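K.L.:
Take a look at target-v4.csv, CSV, C-alpha atoms and all ligand atoms:
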```
chain,number,residue,atom,x,y,z
A,1,MET,CA,-14.6,-31.4,14.6
A,2,THR,CA,-14.5,-28.2,16.7
A,3,ALA,CA,-17.7,-26.2,16.8
A,4,LEU,CA,-17.5,-22.4,16.3
A,5,PRO,CA,-18.7,-20.2,19.2
A,6,ASP,CA,-22.1,-18.7,18.4
A,7,ARG,CA,-20.7,-15.2,18.1
A,8,LEU,CA,-18.5,-16.3,15.2
A,9,ILE,CA,-21.2,-18.0,13.1
A,10,VAL,CA,-22.1,-15.9,10.1
A,11,GLU,CA,-25.8,-15.9,9.2
A,12,PRO,CA,-26.4,-14.3,5.9
A,13,VAL,CA,-30.0,-13.4,5.3
A,14,VAL,CA,-31.5,-14.2,1.9
A,15,ARG,CA,-34.7,-12.2,1.5
A,16,THR,CA,-35.0,-12.0,-2.3
A,17,VAL,CA,-34.6,-14.7,-4.8
A,18,THR,CA,-34.8,-14.0,-8.5
A,19,HIS,CA,-36.2,-16.6,-10.9
A,20,GLY,CA,-36.0,-15.4,-14.5
A,21,ALA,CA,-37.9,-12.1,-14.8
A,22,ARG,CA,-39.8,-12.4,-11.5
A,23,THR,CA,-38.5,-11.7,-8.0
A,24,VAL,CA,-39.8,-13.7,-5.0
A,25,ASP,CA,-39.5,-12.4,-1.5
A,26,THR,CA,-38.9,-15.4,0.7
A,27,GLY,CA,-39.0,-13.6,4.0
A,28,ARG,CA,-37.1,-16.5,5.5
A,29,THR,CA,-33.5,-16.7,6.8
A,30,MET,CA,-31.0,-19.4,6.1
A,31,THR,CA,-27.9,-20.2,8.1
A,32,VAL,CA,-24.8,-21.0,6.1
A,33,HIS,CA,-21.5,-22.5,7.4
A,34,PHE,CA,-18.6,-22.8,5.1
A,35,ILE,CA,-16.2,-25.8,5.4
A,36,PHE,CA,-12.7,-25.2,4.1
A,37,ARG,CA,-10.5,-28.3,3.4
A,38,CYS,CA,-6.9,-28.5,2.4
A,39,GLU,CA,-6.5,-29.5,-1.2
A,40,PHE,CA,-3.9,-32.1,-0.3
A,41,CYS,CA,-4.8,-33.7,3.1
A,42,ASP,CA,-8.5,-32.9,3.7
A,43,ALA,CA,-7.6,-31.1,6.9
A,44,GLN,CA,-10.1,-28.4,8.2
A,45,SER,CA,-9.0,-25.1,9.5
A,46,ASP,CA,-9.2,-24.0,13.2
A,47,PRO,CA,-12.0,-21.6,14.1
A,48,MET,CA,-9.8,-18.4,14.0
A,49,THR,CA,-8.4,-19.3,10.6
A,50,GLN,CA,-11.9,-20.2,9.4
A,51,ILE,CA,-12.9,-16.6,10.0
A,52,ASN,CA,-10.0,-15.3,7.9
A,53,LEU,CA,-10.8,-17.9,5.2
A,54,GLN,CA,-14.3,-16.6,5.1
A,55,LYS,CA,-13.0,-13.0,4.8
A,56,ALA,CA,-10.8,-14.1,2.0
A,57,MET,CA,-13.8,-15.4,0.1
A,58,ARG,CA,-15.1,-11.8,-0.1
A,59,GLU,CA,-12.0,-10.6,-2.0
A,60,ARG,CA,-12.7,-9.5,-5.5
A,61,THR,CA,-9.5,-10.5,-7.1
A,62,TRP,CA,-8.0,-13.3,-9.1
A,63,GLY,CA,-4.6,-14.9,-9.6
A,64,ALA,CA,-3.4,-13.8,-6.1
A,65,PHE,CA,-2.0,-15.7,-3.1
A,66,GLN,CA,-3.1,-14.8,0.4
A,67,ASN,CA,-2.2,-16.0,3.9
A,68,ALA,CA,-4.9,-17.0,6.3
A,69,LEU,CA,-3.7,-16.6,9.8
A,70,PRO,CA,-3.2,-17.8,12.5
A,71,GLY,CA,-3.3,-21.3,11.1
A,72,ASN,CA,-0.9,-20.3,8.3
A,73,TRP,CA,-3.2,-21.5,5.5
A,74,LEU,CA,-2.6,-20.4,2.0
A,75,VAL,CA,-5.3,-19.3,-0.4
A,76,PHE,CA,-4.9,-18.9,-4.1
A,77,HIS,CA,-7.7,-16.8,-5.6
A,78,GLY,CA,-8.2,-18.5,-8.9
A,79,GLY,CA,-10.7,-17.1,-11.4
A,80,GLY,CA,-10.5,-17.0,-15.2
A,81,LEU,CA,-8.0,-19.4,-16.6
A,82,TYR,CA,-6.8,-20.4,-13.1
A,83,GLY,CA,-10.2,-21.9,-12.2
A,84,ARG,CA,-11.6,-22.0,-8.7
A,85,ALA,CA,-10.0,-20.8,-5.4
A,86,ARG,CA,-7.7,-23.3,-3.8
A,87,TYR,CA,-6.8,-23.8,-0.1
A,88,ALA,CA,-3.8,-25.4,1.6
A,89,CYS,CA,-3.0,-26.1,5.3
A,90,ALA,CA,0.3,-25.0,6.8
A,91,ASP,CA,1.9,-28.4,6.0
A,92,HIS,CA,0.9,-28.2,2.3
A,93,ARG,CA,1.5,-24.6,1.3
A,94,GLY,CA,4.5,-25.5,-0.8
A,95,ASP,CA,2.5,-28.3,-2.5
A,96,LEU,CA,-0.2,-25.8,-3.5
A,97,VAL,CA,2.4,-23.4,-5.0
A,98,ALA,CA,4.2,-26.3,-6.8
A,99,TYR,CA,0.9,-27.6,-8.2
A,100,LEU,CA,-0.2,-24.2,-9.5
A,101,ARG,CA,3.2,-23.5,-11.0
A,102,GLU,CA,3.3,-26.9,-12.7
A,103,HIS,CA,-0.3,-26.6,-14.1
A,104,TYR,CA,-0.5,-22.8,-14.8
A,105,GLY,CA,3.1,-21.6,-14.9
A,106,THR,CA,3.2,-21.4,-18.6
A,107,ILE,CA,0.0,-19.4,-19.1
A,108,GLY,CA,0.2,-16.8,-16.3
A,109,PHE,CA,2.8,-15.0,-14.2
A,110,HIS,CA,0.6,-14.8,-11.1
A,111,VAL,CA,1.5,-18.3,-9.8
A,112,TRP,CA,5.2,-17.3,-9.8
A,113,LYS,CA,4.7,-14.6,-7.2
A,114,ARG,CA,7.1,-15.3,-4.3
A,115,PRO,CA,6.4,-15.0,-0.5
A,116,PRO,CA,5.7,-13.1,1.7
A,117,TYR,CA,2.1,-13.2,0.7
A,118,PRO,CA,-0.3,-10.6,2.1
A,119,SER,CA,-2.9,-11.5,4.8
A,120,SER,CA,-5.4,-9.1,3.3
A,121,LEU,CA,-6.1,-8.0,-0.2
A,122,ALA,CA,-8.9,-5.6,0.9
A,123,HIS,CA,-9.1,-2.2,-0.7
A,124,ALA,CA,-11.7,0.5,-1.0
A,125,ASP,CA,-13.8,-1.5,-3.5
A,126,THR,CA,-13.9,-4.7,-1.4
A,127,ASP,CA,-16.4,-3.4,1.1
A,128,HIS,CA,-18.4,-1.8,-1.7
A,129,ALA,CA,-18.6,-5.0,-3.7
A,130,TRP,CA,-19.5,-7.1,-0.6
A,131,ILE,CA,-22.3,-4.7,0.4
A,132,ALA,CA,-23.6,-4.5,-3.1
A,133,ALA,CA,-23.5,-8.3,-3.4
A,134,THR,CA,-25.2,-9.0,-0.1
A,135,ARG,CA,-27.3,-5.8,0.2
A,136,ARG,CA,-25.8,-5.3,3.7
A,137,GLN,CA,-25.5,-2.0,5.4
A,138,GLY,CA,-22.1,-1.2,6.9
A,139,GLY,CA,-18.7,-2.7,6.6
A,140,TRP,CA,-16.9,-5.9,7.5
A,141,GLY,CA,-18.5,-7.9,10.3
A,142,SER,CA,-21.7,-5.9,10.4
B,1,ZN,ZN,-2.9,-30.2,4.1
```
Written as structure tokens, how would this file's structure read?
Ligand SMILES: [Zn+2]
P.N.:
Amino acid sequence: MTALPDRLIVEPVVRTVTHGARTVDTGRTMTVHFIFRCEFCDAQSDPMTQINLQKAMRERTWGAFQNALPGNWLVFHGGGLYGRARYACADHRGDLVAYLREHYGTIGFHVWKRPPYPSSLAHADTDHAWIAATRRQGGWGS
């Protein structure tokens, strides 16, 4: 496994945890590292694709395909009746599309979208939703 350079490691800060009606300020930080695996071969992404897969996690959408470059991975943003997000390496992009069409093709049109798929689904509300969810100040990468 290839280690990410220190400058690429995302370190979200969790300062407040809510338990029921009370809020606890932990005052501690926690390092989180996401590991993305292909649904079909268990491959992991290269470091640069990893960054784009992490960005894709922030998208507030569902039923959409998205490219994750430069490794040419394919992300399907599930949600609702489509279930969780799914990831496929460059060799298994077609397998992911075929799987989704076989299992969800009769209940939604989203899985029938044809390439080219966008590399970013970001819009004006994406940054706002991310900031609100993480209580960060600033935009992407801050
Ligand atoms: Zn694969």
K.L.:
Compare A:Val75, A:Leu81, A:Ala88, A:Ile107 by their minimum atom-to-atom distance to Ala56 (chain A), counting all atoms listed in the file, and give me the closest one.
P.N.:
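Distance minimum relative to Ala56 (chain A) lands on A:Val75.
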K.L.:
List all protein, DNA and RNA residues that have any atom at most 7 Å from ligand ZN 1 (chain B), counting all atoms listed in the file, and write the list as a list in words.
P.N.:
Cys38, Glu39, Phe40, Cys41, Asp42, Ala43, Ala88, Cys89, Ala90, Asp91 and His92 of chain A
K.L.:
Let me make sure I understand: among A:Phe34, A:Tyr117, A:Tyr87, A:Tyr82, which one has the smallest atom-to-atom distance to Gly63 (chain A) if we use all atoms listed in the file?
P.N.:
A:Tyr82
K.L.:
Considering all atoms listed in the file, can you say which of A:Tyr104, A:Trp112, A:Tyr99, A:Phe36 comes closest to Met57 (chain A)?
P.N.:
A:Phe36
K.L.:
CA of Ala85 (chain A) and CA of Gln66 (chain A), how far apart in Å?
P.N.:
10.8 Å
K.L.:
What gap, in Å, lies between CA of Arg86 (chain A) and CA of Thr29 (chain A)?
P.N.:
28.7 Å
K.L.:
Would you list the contacts of His110 (chain A) as number ranges by chain, taking every protein, DNA or RNA residue within 10 Å and counting all atoms listed in the file, but skipping same-chain residues closer than 6 positions in sequence?
P.N.:
A: 62-65, 76, 78, 82, 100-101, 104
